[in-house]
Amino acid sequence: MDRKKAVLIEQDQNIAQDISSVLAGKDYNVLRASNGLDGIEIICEETPDLILLNPAVTDINGFCVYKLLKDDPRTADIPLLICITNEKEAYRSLGMKPQLGQSIIRFTGKNDFEANIDIAIDKLRGRVDKNKFQSQSEQFKKILARLVDAYQAGQNLHSEHARGVLGEVLEKITSMLSSELGSLMLVDDDSQELVIKASRGLSEDLANKTRIKVGRGISGWVAKSGSPLLIKDVESDERFSRQNSNRYYNSSLLSAPIRVKDRVIGVINVNNKASKEQFSEYDLSLLTILTNEISIAIESSHWQKRLEEANTQIEKLKTGKKIFADIARSLDDELYELTISQEVSNIIYARLDYKEIIDAILEIIERSIDCHLCGLLFVDETKKTGIIVEVKYPASQREVDSFKLKIIETFNRLTGGRLLPEQVSVDQADNNNLTDAFSENRNILSSFQGHLLTSGDRPIGMLAVANSFPNAFSGEDLRIFSIISRHSSIAINNTLLHKKITELSITDGLTGLYVYRYFSDALEKEITRSARYRQPFGLIMMDIDGFKKVNDSYGHPQGDEVLKEVAQILRKICREVDVVARYGGEEFTIILPETDLEGAYILADRIRMVIKNYAFGNKDNVINLTASLGVASYPDIALEKADLIKHVDRALYRAKTEGRNTTVRATKEIVNEIQ
């Protein structure tokens with residue numbers, strides 16, 4: 001019977017050894033990671049029966065590790081046990097106090113851990129923790145509902161009735177960000193000063209006395225600019241006031257505006273992360289999402305209030321049709337803006353990939369704004385660039401090209417960038433309206449608007465719309481476009497973070513090739529696809545001959561460089577549709593869609609020849625290597641995944657026994673040997 005697998009995320013070597021020895025006695029094979037990201041990668045690759053997490057990991061906050069694991073459907077159902085030395089450790093790292101029934105075990109020594117591990121695992125068995133972050137989000141929305149009621153009862157947020165709910169709002173936000181210090185400030189319209197209405201970690205006297213002019217200090221700057229802010233070192237920022245600076249034990253600070261329509265009505269500040277870590281761009285995105293939810297709730301309340309006023313006016317002025325029409329039109333406009341805000345905000349919470357997010361944003365623009373063309377330029381951290389374009393009304397390829405050049409020119413002018421047209425690819429999401437005709441008298445760019453998309457201070461793209469009619473975009477269009485652009489930056493930032501974690505979980509950290517888990521899933525999908533369309537596909541398994549001698553003679557660092565070079569060779573030779581994976585150690589596998597046995601053999605032998613003639617290492621220390629390869633195919637050799645892997649592995653074994661540096665097909669003879 002196979003031993004159960006456990007993954008332990010623990011940076012202390014001695015604690016890890018104690019926990020591992022206890023679990024080994026309970027028939028667990030323990031895989032250890034010393035930091036959060038490595039732990040996530042191992043968990044996604046191995047799918048263990050149990051996860052043990054010390055939340056005080058150093059690379060990313062323990063709450064982030066917990067959230068990422070519980071957010072991912074592949075790992076959400078795996079029992080997760082949090083190991084702590086004291087209650088404060090869980091509160092600092094996870095933003096929650098240990099309660100009875102939670103998946104927490106105290107570790108004060110090996111004997112203590114051994115005495116309590118069975119009880120802890122029994123509590124986990126048959127119960128899967130739901131996403132704590134999602135639960136907190138639902139609680140936050142309930143608080144916002146009470147905020148709407150308080151706003152309507154007091155006509156504004158400065159009333160005593162609203163103040164208590166504002167305290168709940170700030171308490172929940174600081175809890176979700178694992179922060180011990182925070183303030184919620186509102187703008188006094190008469191004095192144009194920010195006044196603290198709710199605080200956490202501040203004395204009542206200080207909270208009552210503090211007043212900050214709009215435009216001054218960090219909070220005043222955010223209130224004036226309307227932009228969220230992440231400061232990584234408050235002491236070096238000229239906007240930071242040194243008064244009462246002894247309250248800060250963490251040099252980073254988050255500050256985000258609360259908006260109603262285009263006006264900033266308040267600011268939320270967050271400091272002193274319980275884990276003592278600095279805040280990150282991820283934390284800023286989370287705070288921005290929460291402040292946007294507040295804005296939407298208040299705008300919704302404002303709309304409801306106006307609706308009630310309108311109903312009253314209707315009763316009083318039944319004969320005043322013009323007044324009725326004006327009120328109805330005003331309400332329609334506000335409701336439309338609110339609907340657009342909510343629709344774009346929903347994208348933030350959707351589990352969509354990068355391309356789907358962009359398509360969803362462009363679809364909203366296309367429905368909301370009367371334009372000929374709309375497009376989104378993206379620039380990722382690897383400098384990969386591209387534009388996705390929607391053609392709403394018939395336009396020529398020449399006009400699409402002009403639109404592309406205008407976007408690049410505007411982006412460069414606003415950011416100081418140096419993007420060249422030849423660096424930027426264009427993906428036309430819908431070609432139905434693309435025509436060969438071109439009107440010499442029409443300028444598709446007679447009206448053009450572009451909004452930058454940013455991640456913190458870094459520009460990550462631009463949203464743009466164009467119309468062939470001059471002055472085509474009304475004030476209403478521009479307001480809607482601004483709302484969509486503001487929310488789109490948040491949606492794309494969240495998707496980029498999720499994309500990084502996903503890529504980390506399916507690719508090998510050394511070679512950049514797919515990991516075994518991804519290969520296994522891809523092989524199952526290819527069998528299903530090939531069976532449906534009655535297409536063959538090939539499978540190659542390769543092993544580097546005598547690789548152990550490379551590590552023994554030149555050291556493991558040089559061995560790692562050889563593996564990287566082999567991966568580069570495979571990527572260059574294979575097609576984009578081929579799945580190239582590191583099977584384990586020095587073994588590699590390749591899935592070749594729509595390729596028969598002979599085609600797979602030709603490619604495999606070509607790989608063998610390239611490796612044989614390739615000079616690994618460097619000019620002063622050349623390493624010559626060979627490879628052995630086995631080849632199988634579907635459906636000629638096998639129909640099931642397990643049989644395919646067994647037969648291609650047997651063909652590789654035959655290549656080894658025949659003297660290495662050989663390519664062998666999985667023939668009927670070899671298949672019969674296995675059977």
# chains A, B, ... in the order shown; residues from 1 in each chain; ligands from 1
$ residues_around --residues "stretch 519-535 of chain A" --least-positions-apart "3" --cutoff "7 Å" --atoms "only C-alpha atoms" --output "PyMOL selection string"
chain A and resi 514-516+581+594+641
$ select_by_dssp --residues "stretch 526-630 of chain A" --states "strand (DSSP E)" --output "MDAnalysis selection string"
chainID A and resid 537:544 579:584 587:593 616:618 621:623 627:630
$ atom_distance --atom1 "atom CA of A:Gly201" --atom2 "atom CA of A:Lys273"
11.8 Å
$ select_by_dssp --residues "stretch 433-658 of chain A" --states "helix (DSSP H, G or I)" --output "PyMOL selection string"
chain A and resi 475-506+516-533+547-554+556-573+597-613+641-657
$ residues_around --residues "A:Asn551" --least-positions-apart "2" --cutoff "12 Å" --atoms "only C-alpha atoms" --output "list in words"
Gly546, Phe547, Lys548, Lys549, Ser553, Tyr554, Gly555, His556, Pro557, Gln558, Gly559, Asp560, Glu561, Val562, Leu563, Gly585, Glu586 and Ile623 of chain A
$ residues_around --residues "A:Ile60" --least-positions-apart "5" --cutoff "8 Å" --atoms "only C-alpha atoms" --output "short mmCIF file (atom, residue, chain, number, x, y, z; two decimals) with C-alpha atoms, in the first residue's frame"
data_model
loop_
_atom_site.label_atom_id
_atom_site.label_comp_id
_atom_site.auth_asym_id
_atom_site.auth_seq_id
_atom_site.Cartn_x
_atom_site.Cartn_y
_atom_site.Cartn_z
CA ASN A 35 9.08 29.09 1.86
CA GLY A 36 5.53 29.73 0.66
CA LEU A 37 6.00 29.80 -3.12
CA VAL A 65 -0.28 31.21 1.14
#
$ residues_around --residues "A:Leu478" --least-positions-apart "5" --cutoff "10 Å" --atoms "only C-alpha atoms" --output "PyMOL selection string"
chain A and resi 369+449+473+483-484
$ write_last_selection --atoms "N, CA and C atoms" --output "PDB file, in the first residue's frame"
ATOM      1  N   ILE A 369     -20.246  52.499 -25.344  1.00  0.00           N
ATOM      2  CA  ILE A 369     -19.762  53.712 -26.011  1.00  0.00           C
ATOM      3  C   ILE A 369     -19.899  53.542 -27.520  1.00  0.00           C
ATOM      4  N   GLN A 449      -9.832  58.621 -27.780  1.00  0.00           N
ATOM      5  CA  GLN A 449      -9.610  58.736 -26.339  1.00  0.00           C
ATOM      6  C   GLN A 449      -8.787  57.545 -25.865  1.00  0.00           C
ATOM      7  N   PHE A 473     -17.592  61.727 -28.878  1.00  0.00           N
ATOM      8  CA  PHE A 473     -17.758  61.227 -27.521  1.00  0.00           C
ATOM      9  C   PHE A 473     -18.326  62.323 -26.621  1.00  0.00           C
ATOM     10  N   ILE A 483     -14.745  55.277 -15.845  1.00  0.00           N
ATOM     11  CA  ILE A 483     -15.143  54.248 -14.861  1.00  0.00           C
ATOM     12  C   ILE A 483     -14.598  52.882 -15.277  1.00  0.00           C
ATOM     13  N   ILE A 484     -14.788  52.542 -16.554  1.00  0.00           N
ATOM     14  CA  ILE A 484     -14.329  51.238 -17.056  1.00  0.00           C
ATOM     15  C   ILE A 484     -12.813  51.131 -16.932  1.00  0.00           C
TER      16      ILE A 484
END
$ atom_distance --atom1 "atom CA of A:Leu194" --atom2 "atom CA of A:Lys224"
10.8 Å
$ residues_around --residues "A:Pro635" --least-positions-apart "4" --cutoff "8 Å" --atoms "only C-alpha atoms" --output "list in words"
Pro536, Phe537 and Leu639 of chain A
$ residues_around --residues "A:Leu405" --least-positions-apart "5" --cutoff "9 Å" --atoms "only C-alpha atoms" --output "ChimeraX atom specification"
/A:400,410,421
$ atom_distance --atom1 "atom CA of A:Ser447" --atom2 "atom CA of A:Glu390"
16.3 Å
